[in-house]
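Undergrad: Below is one structure. I have some questions about it.
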Amino acid sequence: MFRWLTIIAVLFAFTAQAQELNCTVTVNADRVTDANTQIFRTLETSLNEFMNSTRWTSRNFSRNERIDCSIYINVSAYDSNSFSATMQVQSSRPVYNSTYQSPILNFNDKDISFRYLENETLQYNPNAFTSNLIALMAYYANIIIGMDADTFELNSGTPYYQAAQNMVGLAQGSGYRGWGQQDGNQNRFFLITDLLSNTFSPFRQALYDYHRQALDVMSENPKAGKEKALDAIKTLAEVNKVRPNAFLTRIFFDAKSDEIVSIFSDGPMVTITGLVDTLNRISPLNSSKWSNIK
C-alpha cells in the first residue's frame with residue numbers, strides 16, 4: 001500500500017509541473033487569397049503545441065504559474081513555403097489578491113519572414129539556429145519569461161534575456177531581417193540589447209516597482225500602491241533624461257498607457273502634481289490618453 005502511495009505521489013508531482021507558457025498563437029492569412037488555407041491552420045496548431053510544450057527554462061512552474069501570453073501572426077504573403085508577416089506579441093501577469101491581469105508586453109514586430117513545411121517538426125535547440133520560425137518563437141518566449149520574472153523579483157529576468165540574446169547571435173548570420181543593428185533601431189537586436197544594458201537598468205527597476213511594489217499592494221493599501229506607481233513613473237523619467245524616446249520606454253507605455261490612466265483616475269486621491277507633464281514628456285504619443293487623468 002505504501003509503495004503505491006509513493007508511486008502516486010511521484011506521478012502527481014510530475015504531472016503538476018508544467019511548461020512556462022500558457023500561449024495562444026493565432027495565424028491570420030486573410031490577405032493571402034491564392035493558397036490552400038490548410039497550411040495556415042497546420043502552422044497555427046504546430047506553433048501552439050511548440051510554445052506550450054517546449055520547456056524553455058530549468059525552473060519548475062505549477063499550472064497556475066504559467067504565463068498568459070499571445071502571439072498573433074498576420075500573414076501578408078505566402079509562396080513556396082515562404083511566409084512574410086507581422087507578429088503581435090502580448091503577455092500579462094496576475095495582480096496579487098485580484099482577478100486582474102496586468103499587461104506586461106505589447107509589441108508589434110513588423111519584420112517577420114520564415115519558411116515552414118506543413119507538418120514539419122519544430123524542436124528548440126538553444127545552441128543552434130535551425131530555422132527562423134523556431135528562432136523567433138524562442139526569442140519571444142524568453143523575452144516574455146524574462147519580463148514576467150522582472151516584475152516579481154528585481155533583475156531576475158537576466159538568464160532568460162541572455163537566452164534571447166544568444167538566439168540573436170545565432171540568427172544574425174541567417175540573412176533574415178530584424179536580428180541585426182543594421183535592420184533599424186527598434187527591432188529584436190535592440191530590444192534585448194537594451195534590456196541587458198546598464199544604461200537602462202532603471203527601466204527594470206521601474207518594471208519591478210510598478211508591479212511588485214505598486215499593483216500587488218493595491219488590494220490592501222490602494223493609496224500606497226498608487227504612490228509607488230508614481231515613483232516607478234519617475235524612475236522611467238530618469239531613463240528619458242539619458243535617452244529621450246528610448247525604445248524600452250515605448251515598450252512600457254505601449255502595454256501600460258490605459259492601465260496608468262485607470263489607476264490615476266479612480267480610487268483614493270494621491271498627489272499627482274506634475275504627473276501629466278511627466279507622462280507627456282516621456283510618452284508624448286499617448287498625450288490624448290494622459291489628458292484623461294484628473
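Labels for the C-alpha cells follow display order: chains A, B, ..., residues from 1 in each chain, ligands from 1.
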Got a sec: who's within 10 Å of region 61-76 of chain A, counting only C-alpha atoms, leaving out chain neighbours fewer than 5 positions off, as a PyMOL selection string?

TA: chain A and resi 13+15-32+40+44+47-48+51-52+83-94+101+103-110+112-113+137+140-141+144-145+148-149

Undergrad: Mind checking which residues fall within 7 Å of Val239 (chain A), counting only C-alpha atoms, ignoring those fewer than 5 positions away in the same chain, and posting them as a list in words?

TA: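 So the residues in contact are Phe200, Pro202 and Phe203 of chain A.
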
Undergrad: Would you mind listing what lies within 8 Å of Lys289 (chain A) as a ChimeraX atom specification, with only C-alpha atoms counted and same-chain residues fewer than 6 positions away left out?

TA: /A:257-258,261

Undergrad: I need the residues from that last selection saved to file as a PDB file, in the first residue's frame (with C-alpha atoms), if you can.

TA:
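out.pdb was written with the following content:
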ATOM      1  CA  SER A 257      -0.906  53.520 -21.011  1.00  0.00           C
ATOM      2  CA  ASP A 258      -4.555  52.546 -20.491  1.00  0.00           C
ATOM      3  CA  VAL A 261      -4.956  56.259 -16.834  1.00  0.00           C
TER       4      VAL A 261
END

Undergrad: Using only C-alpha atoms, which residues sit within 12 Å of Ser131 (chain A) once same-chain residues fewer than 4 positions away are excluded, as a PyMOL selection string?

TA: chain A and resi 82+113-117+120-126+135-138+167+170-176

Undergrad: I'd like the neighbourhood of Leu154 (chain A) as a PDB file with C-alpha atoms, in the first residue's frame, where a residue qualifies if any of its atoms comes within 9 Å (using only C-alpha atoms), though same-chain residues fewer than 6 positions away should be ignored.

TA:
ATOM      1  CA  ARG A 204      13.966  47.142 -14.987  1.00  0.00           C
ATOM      2  CA  GLN A 205      13.785  48.832 -11.581  1.00  0.00           C
ATOM      3  CA  LEU A 207       9.183  47.305 -14.034  1.00  0.00           C
ATOM      4  CA  TYR A 208       9.656  45.697 -10.618  1.00  0.00           C
ATOM      5  CA  ASP A 209       8.492  48.680  -8.578  1.00  0.00           C
TER       6      ASP A 209
END

Undergrad: Point out the residue among A:Gly267, A:Gly274, A:Gly157, A:Pro244 with the least atom-to-atom distance to Ser201 (chain A), counting only C-alpha atoms.

TA: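 Checking each candidate against Ser201 (chain A), we get A:Gly157 as the closest.
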
Undergrad: Nearest to Met218 (chain A) among A:Ile263, A:Ile134, A:Val270, A:Ile233, with distances taken over only C-alpha atoms: which residue is it?

TA: A:Ile263

Undergrad: If you run DSSP on the backbone here, which positions in region 100-264 of chain A get strand (DSSP E)? Please write them as a PyMOL selection string.

TA: chain A and resi 101-115

Undergrad: Please identify the helix (DSSP H, G or I) residues within region 199-294 of chain A (assignment by DSSP from backbone atoms) and present them as a ChimeraX atom specification.

TA: /A:199-217,222-242,247-263,275-282,284-290

Undergrad: Mind dumping the selected residues with C-alpha atoms as a short mmCIF file (atom, residue, chain, number, x, y, z; two decimals), in the first residue's frame?

TA:
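Contents of part35.cif, freshly written:
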data_model
loop_
_atom_site.label_atom_id
_atom_site.label_comp_id
_atom_site.auth_asym_id
_atom_site.auth_seq_id
_atom_site.Cartn_x
_atom_site.Cartn_y
_atom_site.Cartn_z
CA THR A 199 22.12 52.26 -19.21
CA PHE A 200 18.56 51.00 -18.98
CA SER A 201 18.74 49.37 -15.55
CA PRO A 202 16.24 51.99 -14.24
CA PHE A 203 13.71 50.52 -16.69
CA ARG A 204 13.97 47.14 -14.99
CA GLN A 205 13.79 48.83 -11.58
CA ALA A 206 10.59 50.57 -12.69
CA LEU A 207 9.18 47.31 -14.03
CA TYR A 208 9.66 45.70 -10.62
CA ASP A 209 8.49 48.68 -8.58
CA TYR A 210 5.39 49.25 -10.69
CA HIS A 211 4.19 45.65 -10.37
CA ARG A 212 5.52 44.22 -7.13
CA GLN A 213 5.61 47.38 -5.03
CA ALA A 214 2.58 49.15 -6.54
CA LEU A 215 -0.01 46.90 -8.20
CA ASP A 216 0.50 43.96 -5.85
CA VAL A 217 -0.20 46.06 -2.74
CA PRO A 222 -4.60 51.41 -2.66
CA LYS A 223 -3.10 54.77 -1.71
CA ALA A 224 0.35 53.33 -1.00
CA GLY A 225 0.17 51.34 -4.23
CA LYS A 226 -0.64 54.42 -6.29
CA GLU A 227 2.22 56.33 -4.67
CA LYS A 228 4.63 53.52 -5.61
CA ALA A 229 3.29 53.62 -9.16
CA LEU A 230 4.11 57.33 -9.22
CA ASP A 231 7.64 56.54 -8.07
CA ALA A 232 8.03 53.97 -10.86
CA ILE A 233 6.99 56.52 -13.46
CA LYS A 234 9.51 58.97 -12.03
CA THR A 235 12.17 56.27 -12.40
CA LEU A 236 11.24 55.94 -16.07
CA ALA A 237 11.61 59.68 -16.38
CA GLU A 238 15.26 59.22 -15.33
CA VAL A 239 15.71 56.92 -18.33
CA ASN A 240 14.19 59.58 -20.54
CA LYS A 241 16.73 62.15 -19.35
CA VAL A 242 19.58 59.93 -20.56
CA PHE A 247 12.78 52.03 -27.24
CA LEU A 248 12.14 50.46 -23.83
CA THR A 249 10.14 53.46 -22.67
CA ARG A 250 7.89 52.98 -25.67
CA ILE A 251 7.63 49.27 -24.89
CA PHE A 252 6.48 50.08 -21.36
CA PHE A 253 3.80 52.57 -22.36
CA ASP A 254 2.52 50.52 -25.29
CA ALA A 255 1.50 47.97 -22.67
CA LYS A 256 0.66 50.28 -19.77
CA SER A 257 -0.91 53.52 -21.01
CA ASP A 258 -4.56 52.55 -20.49
CA GLU A 259 -3.78 50.96 -17.14
CA ILE A 260 -1.99 54.08 -15.90
CA VAL A 261 -4.96 56.26 -16.83
CA SER A 262 -7.26 53.88 -14.96
CA ILE A 263 -5.05 53.83 -11.85
CA LEU A 275 2.32 63.59 -13.34
CA VAL A 276 0.66 64.52 -16.62
CA ASP A 277 3.58 66.76 -17.57
CA THR A 278 5.99 63.92 -16.83
CA LEU A 279 3.95 61.45 -18.88
CA ASN A 280 3.69 63.88 -21.78
CA ARG A 281 7.43 64.36 -21.70
CA ILE A 282 8.38 60.67 -21.68
CA PRO A 284 4.13 62.12 -25.98
CA LEU A 285 2.44 59.65 -28.34
CA ASN A 286 -0.08 58.96 -25.58
CA SER A 287 -0.83 62.60 -24.77
CA SER A 288 -4.52 62.20 -25.68
CA LYS A 289 -4.79 59.49 -23.01
CA TRP A 290 -2.89 61.44 -20.38
#

Undergrad: Of the candidates A:Asp79, A:Thr54, A:Tyr161, A:Thr45, which shows the shortest atom-to-atom distance to Met147 (chain A), using only C-alpha atoms?

TA: A:Tyr161

Undergrad: In Å, rounded to a single decimal, give me how far CA of Asn127 (chain A) is from CA of Asn60 (chain A).

TA: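 Separation of CA of Asn60 (chain A) and CA of Asn127 (chain A): 21.3 Å.
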
Undergrad: Separation of CA of Gly146 (chain A) and CA of Gly169 (chain A), in Å?

TA: 17.7 Å
